[in-house]
>>> print(open('protein25.cif').read())   # mmCIF, C-alpha atoms
data_final
#
loop_
_atom_site.label_atom_id
_atom_site.label_comp_id
_atom_site.auth_asym_id
_atom_site.auth_seq_id
_atom_site.Cartn_x
_atom_site.Cartn_y
_atom_site.Cartn_z
CA MET A 222 8.79 -1.29 -10.69
CA LYS A 223 5.14 -0.56 -11.59
CA PRO A 224 2.69 -2.40 -9.32
CA LEU A 225 1.38 -5.58 -10.95
CA LEU A 226 -2.09 -6.81 -10.01
CA VAL A 227 -2.08 -10.60 -9.66
CA GLN A 228 -5.09 -12.89 -9.25
CA PHE A 229 -4.86 -16.33 -7.70
CA ALA A 230 -7.89 -18.53 -8.44
CA GLY A 231 -8.38 -21.87 -6.71
CA GLY A 232 -10.58 -24.15 -8.80
CA GLU A 233 -10.45 -26.89 -11.44
CA THR A 234 -8.06 -25.16 -13.84
CA GLY A 235 -4.60 -23.65 -13.75
CA THR A 236 -0.98 -24.64 -14.20
CA TRP A 237 -0.35 -25.67 -10.58
CA ASP A 238 -1.66 -28.87 -8.94
CA VAL A 239 -2.66 -28.39 -5.32
CA LEU A 240 -0.85 -30.95 -3.13
CA SER A 241 -2.12 -29.73 0.25
CA VAL A 242 -4.00 -26.91 1.96
CA GLU A 243 -3.28 -26.28 5.63
CA ALA A 244 -4.83 -23.67 7.94
CA VAL A 245 -1.78 -22.58 9.95
CA VAL A 246 -3.66 -19.91 11.94
CA GLY A 247 -7.39 -19.12 11.72
CA ALA A 248 -9.94 -20.23 9.16
CA GLN A 249 -9.19 -22.69 6.37
CA LEU A 250 -9.64 -22.06 2.63
CA PRO A 251 -11.62 -24.69 0.67
CA ARG A 252 -9.25 -27.07 -1.12
CA PRO A 253 -9.19 -26.69 -4.91
CA GLN A 254 -7.66 -29.13 -7.43
CA ARG A 255 -5.66 -26.47 -9.24
CA LEU A 256 -4.42 -22.92 -8.82
CA ALA A 257 -4.58 -20.48 -11.75
CA ILE A 258 -2.51 -17.30 -11.69
CA SER A 259 -3.21 -14.32 -13.92
CA GLU A 260 -1.39 -11.01 -14.06
CA GLY A 261 -2.59 -7.53 -14.95
CA ASP A 262 -5.57 -7.39 -17.27
CA ALA A 263 -5.22 -11.03 -18.29
CA ARG A 264 -7.93 -12.26 -15.96
CA ALA A 265 -8.13 -16.05 -15.87
CA ALA A 266 -11.45 -17.72 -16.64
CA THR A 267 -12.68 -18.46 -13.14
CA THR A 268 -16.17 -19.80 -13.58
CA SER A 269 -15.09 -22.93 -11.74
CA ALA A 270 -13.17 -21.14 -8.98
CA LEU A 271 -13.87 -21.99 -5.34
CA TRP A 272 -12.16 -18.73 -4.39
CA GLU A 273 -10.21 -15.86 -5.92
CA LEU A 274 -7.65 -13.74 -4.12
CA ARG A 275 -6.02 -10.59 -5.51
CA GLY A 276 -2.89 -8.70 -4.56
CA SER A 277 -0.55 -6.15 -6.04
CA THR A 278 3.23 -6.12 -6.10
CA SER A 279 4.55 -2.88 -4.65
CA HIS A 280 7.64 -1.04 -3.45
CA GLN A 281 9.43 -2.44 -0.39
CA ARG A 282 8.08 -1.16 2.91
CA TYR A 283 10.88 -2.01 5.41
CA VAL A 284 13.99 -2.79 3.35
CA GLN A 285 16.85 -0.29 3.72
CA ARG A 286 19.34 0.52 0.96
CA ALA A 287 22.15 -1.79 2.14
CA GLU A 288 19.67 -4.65 2.53
CA ALA A 289 18.16 -3.93 -0.89
CA GLU A 290 21.59 -4.38 -2.50
CA VAL A 291 22.19 -7.71 -0.78
CA LEU A 292 18.68 -8.90 -1.70
CA ARG A 293 19.15 -7.89 -5.32
CA ARG A 294 22.34 -9.96 -5.56
CA THR A 295 20.85 -12.95 -3.71
CA GLN A 296 17.28 -13.35 -4.95
CA ALA A 297 16.25 -15.83 -7.63
CA ALA A 298 13.69 -15.02 -10.32
CA LEU A 299 10.29 -16.68 -10.66
CA GLY A 300 9.78 -19.17 -13.49
CA ARG A 301 13.06 -21.15 -13.28
CA ALA A 302 12.77 -24.49 -15.14
CA GLU A 303 13.93 -26.48 -12.09
CA ALA A 304 11.40 -24.82 -9.77
CA SER A 305 8.66 -27.43 -10.08
CA ARG A 306 7.29 -26.85 -6.58
CA ALA A 307 5.58 -23.78 -5.17
CA ALA A 308 3.82 -22.53 -2.07
CA PHE A 309 1.04 -19.96 -1.86
CA ILE A 310 0.61 -18.48 1.62
CA PRO A 311 -2.08 -15.83 2.22
CA ILE A 312 -1.51 -13.99 5.52
CA ARG A 313 -3.46 -11.48 7.60
CA LYS A 314 -2.03 -9.45 10.47
CA ARG A 315 -3.91 -8.21 13.51
CA ASP A 316 -5.18 -4.60 13.76
CA GLU A 317 -2.59 -4.06 16.47
CA TRP A 318 0.17 -4.48 13.88
CA TRP A 319 -1.37 -1.91 11.55
CA SER A 320 -1.76 0.65 14.33
CA LEU A 321 1.96 0.54 15.11
CA ALA A 322 4.14 3.39 13.80
CA GLN A 323 6.68 2.74 11.03
CA ASP A 324 9.67 2.61 13.41
CA GLU A 325 7.85 0.15 15.68
CA ARG A 326 6.96 -2.14 12.77
CA ARG A 327 10.51 -1.98 11.40
CA ALA A 328 11.94 -2.81 14.86
CA ILE A 329 9.76 -5.92 15.12
CA PHE A 330 10.18 -6.90 11.45
CA GLU A 331 13.97 -6.75 11.29
CA ASP A 332 15.75 -5.69 14.50
CA ARG A 333 13.97 -8.34 16.58
CA SER A 334 12.60 -10.85 14.04
CA GLN A 335 15.37 -10.60 11.39
CA HIS A 336 12.86 -11.17 8.62
CA ILE A 337 15.45 -10.12 6.02
CA ALA A 338 18.74 -11.26 7.60
CA SER A 339 17.59 -14.72 8.71
CA THR A 340 15.99 -15.61 5.37
CA LEU A 341 18.83 -14.48 3.07
CA ARG A 342 20.46 -17.92 3.05
CA PHE A 343 17.28 -19.45 1.59
CA LEU A 344 16.93 -17.02 -1.29
CA PRO A 345 19.24 -18.43 -3.94
CA ALA A 346 17.17 -21.66 -3.80
CA ILE A 347 13.72 -20.24 -3.03
CA ALA A 348 12.29 -17.50 -5.23
CA ARG A 349 9.56 -15.37 -3.71
CA ARG A 350 7.15 -12.58 -4.59
CA LEU A 351 5.02 -10.54 -2.20
CA HIS A 352 1.57 -9.19 -3.12
CA HIS A 353 -0.23 -6.55 -1.04
CA SER A 354 -3.97 -7.09 -0.59
CA ARG A 355 -5.02 -5.00 2.40
CA GLU A 356 -5.87 -1.83 0.49
CA LEU A 357 -7.79 -3.86 -2.13
CA GLY A 358 -10.48 -4.80 0.42
CA GLU A 359 -9.39 -8.44 0.36
CA PRO A 360 -9.73 -10.98 3.23
CA PHE A 361 -5.93 -11.27 3.57
CA ASP A 362 -3.28 -8.54 3.94
CA PHE A 363 -0.56 -10.32 1.92
CA LEU A 364 -0.36 -13.11 -0.62
CA THR A 365 3.10 -14.66 -0.64
CA TRP A 366 4.30 -16.86 -3.48
CA PHE A 367 7.38 -19.11 -3.42
CA GLU A 368 8.98 -21.33 -6.11
CA TYR A 369 11.68 -23.96 -5.57
CA ALA A 370 13.06 -27.25 -6.87
CA GLU A 371 11.57 -30.42 -5.34
CA GLU A 372 14.93 -31.20 -3.69
CA HIS A 373 14.64 -27.96 -1.70
CA THR A 374 11.33 -28.85 -0.04
CA ALA A 375 12.99 -29.37 3.36
CA LEU A 376 14.75 -26.02 2.97
CA PHE A 377 11.39 -24.38 2.35
CA ASP A 378 9.97 -26.08 5.47
CA GLU A 379 12.87 -24.54 7.39
CA LEU A 380 12.24 -21.07 5.91
CA VAL A 381 8.58 -20.95 6.96
CA GLY A 382 9.43 -22.51 10.33
CA THR A 383 12.02 -19.80 10.95
CA LEU A 384 9.53 -17.02 10.19
CA ARG A 385 6.73 -18.56 12.26
CA ARG A 386 8.89 -18.53 15.39
CA THR A 387 9.51 -14.76 15.19
CA GLU A 388 7.96 -11.94 17.20
CA GLU A 389 6.58 -10.58 13.92
CA TRP A 390 4.47 -13.73 13.49
CA LYS A 391 2.68 -13.12 16.81
CA TYR A 392 0.79 -10.47 14.83
CA VAL A 393 -0.44 -12.99 12.24
CA ASP A 394 -4.06 -13.90 12.93
CA ARG A 395 -4.78 -15.84 9.74
CA GLU A 396 -2.43 -17.90 7.61
CA VAL A 397 -3.20 -20.63 5.10
CA GLU A 398 -0.49 -22.62 3.33
CA LEU A 399 -0.98 -24.27 -0.05
CA ARG A 400 1.75 -26.54 -1.47
CA LEU A 401 1.76 -26.97 -5.22
CA ALA A 402 3.42 -28.84 -8.09
CA ARG A 403 3.71 -27.57 -11.65
CA CYS A 404 1.31 -29.56 -13.87
CA MET B 60 -7.99 1.49 11.28
CA LYS B 61 -9.42 -0.70 8.50
CA PRO B 62 -8.62 0.70 5.05
CA LEU B 63 -11.54 2.65 3.60
CA LEU B 64 -11.99 2.76 -0.17
CA VAL B 65 -13.03 6.25 -1.28
CA GLN B 66 -14.21 7.32 -4.72
CA PHE B 67 -13.98 10.89 -5.97
CA ALA B 68 -16.17 11.57 -9.00
CA GLY B 69 -15.93 14.83 -10.92
CA GLY B 70 -19.17 15.56 -12.77
CA GLU B 71 -22.48 17.37 -12.46
CA THR B 72 -23.47 16.07 -9.04
CA GLY B 73 -21.99 15.98 -5.55
CA THR B 74 -21.87 18.07 -2.39
CA TRP B 75 -18.83 20.14 -3.36
CA ASP B 76 -18.82 22.96 -5.94
CA VAL B 77 -15.61 23.11 -7.96
CA LEU B 78 -14.13 26.62 -7.78
CA SER B 79 -10.95 25.96 -9.77
CA VAL B 80 -8.85 23.20 -11.32
CA GLU B 81 -5.14 23.84 -11.78
CA ALA B 82 -2.51 21.54 -13.29
CA VAL B 83 0.44 22.18 -10.96
CA VAL B 84 2.74 19.61 -12.64
CA GLY B 85 1.92 17.50 -15.71
CA ALA B 86 -1.41 16.91 -17.41
CA GLN B 87 -4.62 18.69 -16.41
CA LEU B 88 -7.87 16.98 -15.36
CA PRO B 89 -11.07 18.12 -17.14
CA ARG B 90 -12.95 20.64 -15.02
CA PRO B 91 -16.23 19.33 -13.55
CA GLN B 92 -19.02 21.43 -11.93
CA ARG B 93 -19.20 19.29 -8.82
CA LEU B 94 -17.25 16.68 -6.90
CA ALA B 95 -19.05 13.66 -5.38
CA ILE B 96 -17.34 11.58 -2.72
CA SER B 97 -18.45 8.08 -1.78
CA GLU B 98 -16.96 5.74 0.76
CA GLY B 99 -16.80 1.95 0.91
CA ASP B 100 -19.56 0.14 -0.94
CA ALA B 101 -21.71 3.28 -1.20
CA ARG B 102 -20.74 4.01 -4.77
CA ALA B 103 -22.03 7.37 -5.97
CA ALA B 104 -24.13 7.49 -9.12
CA THR B 105 -21.54 8.58 -11.66
CA THR B 106 -23.28 8.40 -15.00
CA SER B 107 -22.46 12.05 -15.51
CA ALA B 108 -18.88 11.87 -14.25
CA LEU B 109 -16.07 13.33 -16.36
CA TRP B 110 -13.63 11.27 -14.31
CA GLU B 111 -13.50 9.00 -11.27
CA LEU B 112 -10.50 8.50 -9.03
CA ARG B 113 -10.23 5.91 -6.27
CA GLY B 114 -7.94 5.58 -3.27
CA SER B 115 -7.79 3.74 0.01
CA THR B 116 -6.92 5.07 3.44
CA SER B 117 -4.14 3.00 4.98
CA HIS B 118 -1.64 2.77 7.83
CA GLN B 119 1.03 5.45 8.02
CA ARG B 120 4.15 4.70 5.99
CA TYR B 121 6.77 7.09 7.43
CA VAL B 122 5.40 8.39 10.74
CA GLN B 123 7.33 7.28 13.85
CA ARG B 124 5.74 6.74 17.24
CA ALA B 125 6.64 10.11 18.76
CA GLU B 126 5.37 11.88 15.63
CA ALA B 127 2.18 9.81 15.65
CA GLU B 128 1.38 11.01 19.17
CA VAL B 129 1.90 14.67 18.25
CA LEU B 130 -0.19 14.25 15.10
CA ARG B 131 -3.00 12.58 17.03
CA ARG B 132 -3.19 15.50 19.43
CA THR B 133 -2.94 18.13 16.68
CA GLN B 134 -5.08 16.90 13.79
CA ALA B 135 -8.64 18.07 13.16
CA ALA B 136 -11.38 15.72 11.98
CA LEU B 137 -13.11 15.90 8.61
CA GLY B 138 -16.67 17.21 8.48
CA ARG B 139 -16.40 20.22 10.83
CA ALA B 140 -19.34 22.62 10.34
CA GLU B 141 -17.03 25.61 9.81
CA ALA B 142 -14.94 23.82 7.17
CA SER B 143 -16.81 25.09 4.13
CA ARG B 144 -13.78 24.98 1.85
CA ALA B 145 -11.82 21.98 0.61
CA ALA B 146 -9.01 21.03 -1.72
CA PHE B 147 -8.57 17.78 -3.62
CA ILE B 148 -5.01 17.21 -4.83
CA PRO B 149 -4.17 14.01 -6.75
CA ILE B 150 -0.40 13.42 -6.91
CA ARG B 151 1.89 11.01 -8.74
CA LYS B 152 5.55 10.44 -7.91
CA ARG B 153 8.30 9.43 -10.32
CA ASP B 154 9.49 5.81 -10.60
CA GLU B 155 12.77 6.97 -9.08
CA TRP B 156 10.93 7.65 -5.79
CA TRP B 157 9.37 4.20 -5.71
CA SER B 158 12.69 2.48 -6.36
CA LEU B 159 14.27 4.13 -3.30
CA ALA B 160 14.65 2.01 -0.15
CA GLN B 161 12.53 2.79 2.93
CA ASP B 162 15.36 4.60 4.77
CA GLU B 163 16.08 6.74 1.69
CA ARG B 164 12.42 7.74 1.31
CA ARG B 165 12.10 8.51 5.03
CA ALA B 166 15.27 10.67 4.89
CA ILE B 167 13.86 12.74 2.03
CA PHE B 168 10.31 12.83 3.43
CA GLU B 169 11.13 14.00 6.94
CA ASP B 170 14.84 14.51 7.71
CA ARG B 171 15.32 16.77 4.68
CA SER B 172 11.80 17.90 3.68
CA GLN B 173 10.19 17.97 7.15
CA HIS B 174 6.87 16.88 5.70
CA ILE B 175 5.54 16.18 9.21
CA ALA B 176 7.35 18.79 11.32
CA SER B 177 6.84 21.76 9.00
CA THR B 178 3.11 21.12 8.47
CA LEU B 179 2.12 20.53 12.13
CA ARG B 180 1.28 24.19 12.72
CA PHE B 181 -1.35 24.07 9.94
CA LEU B 182 -3.17 21.01 11.26
CA PRO B 183 -5.51 22.42 13.88
CA ALA B 184 -7.03 24.59 11.13
CA ILE B 185 -6.67 22.30 8.13
CA ALA B 186 -8.02 18.76 8.32
CA ARG B 187 -6.55 16.25 5.88
CA ARG B 188 -6.93 12.66 4.75
CA LEU B 189 -4.55 10.69 2.54
CA HIS B 190 -5.74 8.00 0.12
CA HIS B 191 -3.36 5.52 -1.54
CA SER B 192 -4.06 4.77 -5.20
CA ARG B 193 -0.86 3.30 -6.63
CA GLU B 194 -1.68 -0.35 -5.92
CA LEU B 195 -5.21 0.10 -7.27
CA GLY B 196 -3.90 0.61 -10.81
CA GLU B 197 -5.00 4.28 -10.78
CA PRO B 198 -3.40 7.17 -12.74
CA PHE B 199 -2.27 8.90 -9.51
CA ASP B 200 -0.32 7.49 -6.53
CA PHE B 201 -2.10 9.53 -3.85
CA LEU B 202 -5.35 11.45 -3.52
CA THR B 203 -5.07 14.10 -0.80
CA TRP B 204 -8.13 15.76 0.69
CA PHE B 205 -8.15 18.90 2.83
CA GLU B 206 -10.97 20.78 4.63
CA TYR B 207 -10.76 24.24 6.20
CA ALA B 208 -12.79 27.34 7.03
CA GLU B 209 -12.89 30.04 4.33
CA GLU B 210 -10.90 32.37 6.59
CA HIS B 211 -8.01 29.87 6.49
CA THR B 212 -7.63 29.94 2.70
CA ALA B 213 -4.34 31.88 2.88
CA LEU B 214 -3.07 29.41 5.47
CA PHE B 215 -3.86 26.56 3.08
CA ASP B 216 -1.99 28.39 0.28
CA GLU B 217 0.99 28.54 2.63
CA LEU B 218 0.75 24.83 3.48
CA VAL B 219 0.85 23.67 -0.15
CA GLY B 220 3.54 26.26 -0.95
CA THR B 221 5.71 24.90 1.87
CA LEU B 222 5.41 21.33 0.62
CA ARG B 223 6.04 22.24 -3.02
CA ARG B 224 9.39 23.80 -2.16
CA THR B 225 10.70 20.59 -0.53
CA GLU B 226 13.15 18.02 -1.88
CA GLU B 227 10.33 15.45 -1.65
CA TRP B 228 8.31 17.42 -4.22
CA LYS B 229 11.10 17.06 -6.82
CA TYR B 230 9.80 13.49 -7.15
CA VAL B 231 6.26 14.65 -8.02
CA ASP B 232 5.67 14.35 -11.76
CA ARG B 233 1.93 15.01 -11.81
CA GLU B 234 -0.15 17.16 -9.49
CA VAL B 235 -3.58 18.66 -10.03
CA GLU B 236 -5.22 20.98 -7.50
CA LEU B 237 -9.00 21.41 -7.20
CA ARG B 238 -10.40 24.04 -4.84
CA LEU B 239 -13.94 23.45 -3.63
CA ALA B 240 -16.78 24.98 -1.63
CA ARG B 241 -19.48 23.04 0.18
CA CYS B 242 -22.77 23.39 -1.74
#
>>> encode(input="protein25.cif", output="structure tokens")
Amino acid sequence: MKPLLVQFAGGETGTWDVLSVEAVVGAQLPRPQRLAISEGDARAATTSALWELRGSTSHQRYVQRAEAEVLRRTQAALGRAEASRAAFIPIRKRDEWWSLAQDERRAIFEDRSQHIASTLRFLPAIARRLHHSRELGEPFDFLTWFEYAEEHTALFDELVGTLRRTEEWKYVDREVELRLARC
Amino acid sequence: MKPLLVQFAGGETGTWDVLSVEAVVGAQLPRPQRLAISEGDARAATTSALWELRGSTSHQRYVQRAEAEVLRRTQAALGRAEASRAAFIPIRKRDEWWSLAQDERRAIFEDRSQHIASTLRFLPAIARRLHHSRELGEPFDFLTWFEYAEEHTALFDELVGTLRRTEEWKYVDREVELRLARC
């Protein structure tokens, strides 16, 4: 439960091969060959990095108790042997989002966009971890990380497509999507 | 609305004289002569600091729209000429708090502890700013800062007394209170 600081470094080293880098909304990130991930104090050697992004895992901001129980039973862990593919998606939301009150953000996030309910069916196949960056003075607000088996690539396409059609996503003003394969 | 990183350095320099340091719950902080506050990239010279604590302002986590409007109309700004007294109160909450779901934390914070409603009457006199530290890997979860005129010292005592009697405060496992006077 303690927050874990995670650094994602795009460069020439790392355990993930970069297959593609797409600017979904807003400015692109330079395309690296590899992505290196380091957790906590174990800072990766990043002399060759084109860019480094940092985020911290944290408590859940919108999930209610009943949803938390369903998520706990449904979610897969990171690091499964079969999960040879991954996606790294840094996201920033507009100031307008951050000036909304908690009940307004919750209403958009779940009541109207069904961020939790509509993505549950993807979660046994697609593991995910959210990292918060906004309070760290980073260029993105969130760094999202997903892992899945190669055979579930189309399912992952469907997951991100579902989210990008929501009202919540109207508040996203920068989004870059990296697809990766374990080296 | 952008998060602002703020550093509080307890040492021999700074614009606030330290009048007292009290460990309310858990371990004490060493008592400095002065407190120096720096915002953003303007890092204070801290060669003499006994300790440095960092936190970031952020969006509101529990406040609903109707409450936000009342708060906006009621709250005083920092830096008022008459506000010659201040308090700096770093707080940490137990892991049990952070593992609660959003609806459970909101119910304790406001429905049962009335953190917002019961403190409104203090806000025209007592200005406050909350800084989030948990995701920065800091020893405290929050750094709270209050400013008020000397004549409102008893009112401030009442404010912190009110909060410390709430159900929310049962989750606080470390709290240190510094009282300060503008140099």
>>> closest_residue(input="protein25.cif", among="B:Leu112, B:Val129, B:Val83, B:Leu239", to="Leu64 of chain B", atoms="all atoms listed in the file")
B:Leu112
>>> closest_residue(input="protein25.cif", among="A:Leu292, A:Ala322, A:Ile258, A:Ala270", to="chain B", atoms="all atoms listed in the file")
A:Ala322
>>> interface_residues(input="protein25.cif", of="chain B", to="chain A", cutoff="12 Å", atoms="all atoms listed in the file", output="count of residues only")
50
>>> atom_distance(input="protein25.cif", atom1="atom CA of Ala186 of chain B", atom2="atom CA of Ala135 of chain B")
4.9 Å
>>> calpha_fit_and_write(input="protein25.cif", fixed="chain B", moving="chain A", output="compact mmCIF listing (two decimals) with C-alpha atoms, in the frame of the given file")
# COMPACT_ATOMS: atom_id res chain seq x y z
CA MET A 222 -7.99 1.55 11.30
CA LYS A 223 -9.42 -0.65 8.52
CA PRO A 224 -8.63 0.70 5.04
CA LEU A 225 -11.55 2.66 3.60
CA LEU A 226 -11.99 2.76 -0.18
CA VAL A 227 -13.03 6.25 -1.28
CA GLN A 228 -14.21 7.32 -4.74
CA PHE A 229 -13.98 10.89 -5.96
CA ALA A 230 -16.17 11.58 -9.01
CA GLY A 231 -15.93 14.85 -10.93
CA GLY A 232 -19.16 15.56 -12.78
CA GLU A 233 -22.49 17.38 -12.47
CA THR A 234 -23.46 16.07 -9.03
CA GLY A 235 -21.99 15.98 -5.55
CA THR A 236 -21.88 18.06 -2.39
CA TRP A 237 -18.83 20.14 -3.35
CA ASP A 238 -18.81 22.96 -5.93
CA VAL A 239 -15.62 23.11 -7.96
CA LEU A 240 -14.12 26.62 -7.76
CA SER A 241 -10.94 25.95 -9.76
CA VAL A 242 -8.85 23.18 -11.30
CA GLU A 243 -5.14 23.83 -11.76
CA ALA A 244 -2.50 21.53 -13.28
CA VAL A 245 0.44 22.17 -10.94
CA VAL A 246 2.74 19.61 -12.62
CA GLY A 247 1.92 17.51 -15.70
CA ALA A 248 -1.41 16.92 -17.40
CA GLN A 249 -4.62 18.68 -16.40
CA LEU A 250 -7.88 16.98 -15.35
CA PRO A 251 -11.07 18.12 -17.14
CA ARG A 252 -12.96 20.64 -15.01
CA PRO A 253 -16.23 19.34 -13.54
CA GLN A 254 -19.00 21.43 -11.93
CA ARG A 255 -19.19 19.29 -8.81
CA LEU A 256 -17.24 16.67 -6.91
CA ALA A 257 -19.05 13.66 -5.40
CA ILE A 258 -17.36 11.57 -2.72
CA SER A 259 -18.47 8.07 -1.80
CA GLU A 260 -16.97 5.73 0.76
CA GLY A 261 -16.82 1.94 0.89
CA ASP A 262 -19.59 0.15 -0.95
CA ALA A 263 -21.72 3.27 -1.23
CA ARG A 264 -20.72 4.00 -4.80
CA ALA A 265 -22.04 7.35 -6.01
CA ALA A 266 -24.14 7.45 -9.17
CA THR A 267 -21.55 8.58 -11.68
CA THR A 268 -23.27 8.41 -15.03
CA SER A 269 -22.47 12.08 -15.51
CA ALA A 270 -18.88 11.88 -14.27
CA LEU A 271 -16.07 13.33 -16.38
CA TRP A 272 -13.63 11.27 -14.32
CA GLU A 273 -13.51 9.01 -11.28
CA LEU A 274 -10.51 8.49 -9.04
CA ARG A 275 -10.24 5.90 -6.27
CA GLY A 276 -7.94 5.57 -3.28
CA SER A 277 -7.80 3.75 0.01
CA THR A 278 -6.92 5.06 3.44
CA SER A 279 -4.14 3.01 4.98
CA HIS A 280 -1.65 2.78 7.83
CA GLN A 281 1.05 5.48 8.01
CA ARG A 282 4.15 4.70 5.99
CA TYR A 283 6.78 7.11 7.42
CA VAL A 284 5.40 8.40 10.73
CA GLN A 285 7.32 7.28 13.84
CA ARG A 286 5.73 6.74 17.25
CA ALA A 287 6.65 10.12 18.76
CA GLU A 288 5.37 11.90 15.65
CA ALA A 289 2.18 9.82 15.66
CA GLU A 290 1.40 11.04 19.19
CA VAL A 291 1.91 14.69 18.26
CA LEU A 292 -0.20 14.26 15.11
CA ARG A 293 -2.99 12.58 17.05
CA ARG A 294 -3.17 15.52 19.46
CA THR A 295 -2.94 18.15 16.70
CA GLN A 296 -5.06 16.90 13.81
CA ALA A 297 -8.62 18.06 13.16
CA ALA A 298 -11.37 15.72 12.00
CA LEU A 299 -13.10 15.89 8.62
CA GLY A 300 -16.67 17.21 8.49
CA ARG A 301 -16.39 20.22 10.85
CA ALA A 302 -19.33 22.63 10.36
CA GLU A 303 -17.01 25.62 9.83
CA ALA A 304 -14.94 23.82 7.18
CA SER A 305 -16.82 25.09 4.13
CA ARG A 306 -13.79 24.98 1.84
CA ALA A 307 -11.83 21.98 0.61
CA ALA A 308 -9.02 21.03 -1.72
CA PHE A 309 -8.58 17.78 -3.62
CA ILE A 310 -5.02 17.20 -4.83
CA PRO A 311 -4.18 14.01 -6.77
CA ILE A 312 -0.41 13.42 -6.91
CA ARG A 313 1.89 11.01 -8.73
CA LYS A 314 5.55 10.44 -7.91
CA ARG A 315 8.28 9.44 -10.33
CA ASP A 316 9.49 5.81 -10.62
CA GLU A 317 12.75 6.96 -9.08
CA TRP A 318 10.94 7.66 -5.81
CA TRP A 319 9.38 4.20 -5.71
CA SER A 320 12.71 2.49 -6.36
CA LEU A 321 14.28 4.13 -3.31
CA ALA A 322 14.64 2.02 -0.14
CA GLN A 323 12.53 2.80 2.93
CA ASP A 324 15.35 4.61 4.77
CA GLU A 325 16.08 6.74 1.70
CA ARG A 326 12.42 7.72 1.31
CA ARG A 327 12.10 8.50 5.02
CA ALA A 328 15.27 10.66 4.89
CA ILE A 329 13.87 12.73 2.03
CA PHE A 330 10.31 12.81 3.42
CA GLU A 331 11.14 13.99 6.93
CA ASP A 332 14.84 14.52 7.70
CA ARG A 333 15.34 16.79 4.68
CA SER A 334 11.82 17.89 3.67
CA GLN A 335 10.19 17.98 7.15
CA HIS A 336 6.88 16.87 5.70
CA ILE A 337 5.54 16.18 9.21
CA ALA A 338 7.36 18.80 11.32
CA SER A 339 6.84 21.77 9.00
CA THR A 340 3.12 21.13 8.48
CA LEU A 341 2.14 20.55 12.13
CA ARG A 342 1.29 24.21 12.71
CA PHE A 343 -1.35 24.06 9.95
CA LEU A 344 -3.16 21.01 11.26
CA PRO A 345 -5.49 22.42 13.89
CA ALA A 346 -7.03 24.61 11.14
CA ILE A 347 -6.66 22.29 8.13
CA ALA A 348 -8.01 18.75 8.32
CA ARG A 349 -6.54 16.25 5.89
CA ARG A 350 -6.92 12.66 4.76
CA LEU A 351 -4.55 10.68 2.55
CA HIS A 352 -5.74 7.99 0.11
CA HIS A 353 -3.36 5.51 -1.54
CA SER A 354 -4.05 4.77 -5.21
CA ARG A 355 -0.86 3.29 -6.64
CA GLU A 356 -1.66 -0.35 -5.92
CA LEU A 357 -5.21 0.10 -7.27
CA GLY A 358 -3.90 0.63 -10.82
CA GLU A 359 -4.99 4.27 -10.77
CA PRO A 360 -3.40 7.17 -12.74
CA PHE A 361 -2.27 8.89 -9.51
CA ASP A 362 -0.32 7.49 -6.53
CA PHE A 363 -2.12 9.54 -3.85
CA LEU A 364 -5.36 11.46 -3.52
CA THR A 365 -5.09 14.09 -0.80
CA TRP A 366 -8.14 15.76 0.69
CA PHE A 367 -8.15 18.90 2.85
CA GLU A 368 -10.98 20.77 4.64
CA TYR A 369 -10.78 24.23 6.20
CA ALA A 370 -12.79 27.34 7.03
CA GLU A 371 -12.91 30.05 4.33
CA GLU A 372 -10.88 32.38 6.58
CA HIS A 373 -8.00 29.89 6.48
CA THR A 374 -7.63 29.92 2.69
CA ALA A 375 -4.34 31.87 2.87
CA LEU A 376 -3.07 29.40 5.47
CA PHE A 377 -3.86 26.56 3.09
CA ASP A 378 -2.00 28.38 0.28
CA GLU A 379 0.99 28.54 2.63
CA LEU A 380 0.74 24.82 3.49
CA VAL A 381 0.85 23.66 -0.14
CA GLY A 382 3.53 26.24 -0.95
CA THR A 383 5.69 24.90 1.87
CA LEU A 384 5.39 21.32 0.62
CA ARG A 385 6.03 22.23 -3.02
CA ARG A 386 9.39 23.79 -2.15
CA THR A 387 10.71 20.58 -0.54
CA GLU A 388 13.15 18.01 -1.89
CA GLU A 389 10.35 15.45 -1.64
CA TRP A 390 8.32 17.40 -4.22
CA LYS A 391 11.10 17.07 -6.82
CA TYR A 392 9.80 13.50 -7.14
CA VAL A 393 6.26 14.65 -8.02
CA ASP A 394 5.68 14.34 -11.75
CA ARG A 395 1.94 14.99 -11.80
CA GLU A 396 -0.15 17.14 -9.49
CA VAL A 397 -3.58 18.66 -10.03
CA GLU A 398 -5.23 20.96 -7.49
CA LEU A 399 -8.98 21.38 -7.20
CA ARG A 400 -10.41 24.03 -4.84
CA LEU A 401 -13.95 23.45 -3.64
CA ALA A 402 -16.80 24.98 -1.64
CA ARG A 403 -19.49 23.03 0.18
CA CYS A 404 -22.78 23.37 -1.73
>>> residues_near_point(input="protein25.cif", point="(-19.8, 11.7, -4.0)", cutoff="7 Å", atoms="all atoms listed in the file", output="PDB file with C-alpha atoms, in the coordinates of the input")
ATOM      1  CA  PHE B  67     -13.980  10.890  -5.970  1.00  0.00           C
ATOM      2  CA  ALA B  68     -16.170  11.570  -9.000  1.00  0.00           C
ATOM      3  CA  GLY B  73     -21.990  15.980  -5.550  1.00  0.00           C
ATOM      4  CA  THR B  74     -21.870  18.070  -2.390  1.00  0.00           C
ATOM      5  CA  LEU B  94     -17.250  16.680  -6.900  1.00  0.00           C
ATOM      6  CA  ALA B  95     -19.050  13.660  -5.380  1.00  0.00           C
ATOM      7  CA  ILE B  96     -17.340  11.580  -2.720  1.00  0.00           C
ATOM      8  CA  SER B  97     -18.450   8.080  -1.780  1.00  0.00           C
ATOM      9  CA  ALA B 103     -22.030   7.370  -5.970  1.00  0.00           C
TER      10      ALA B 103
END
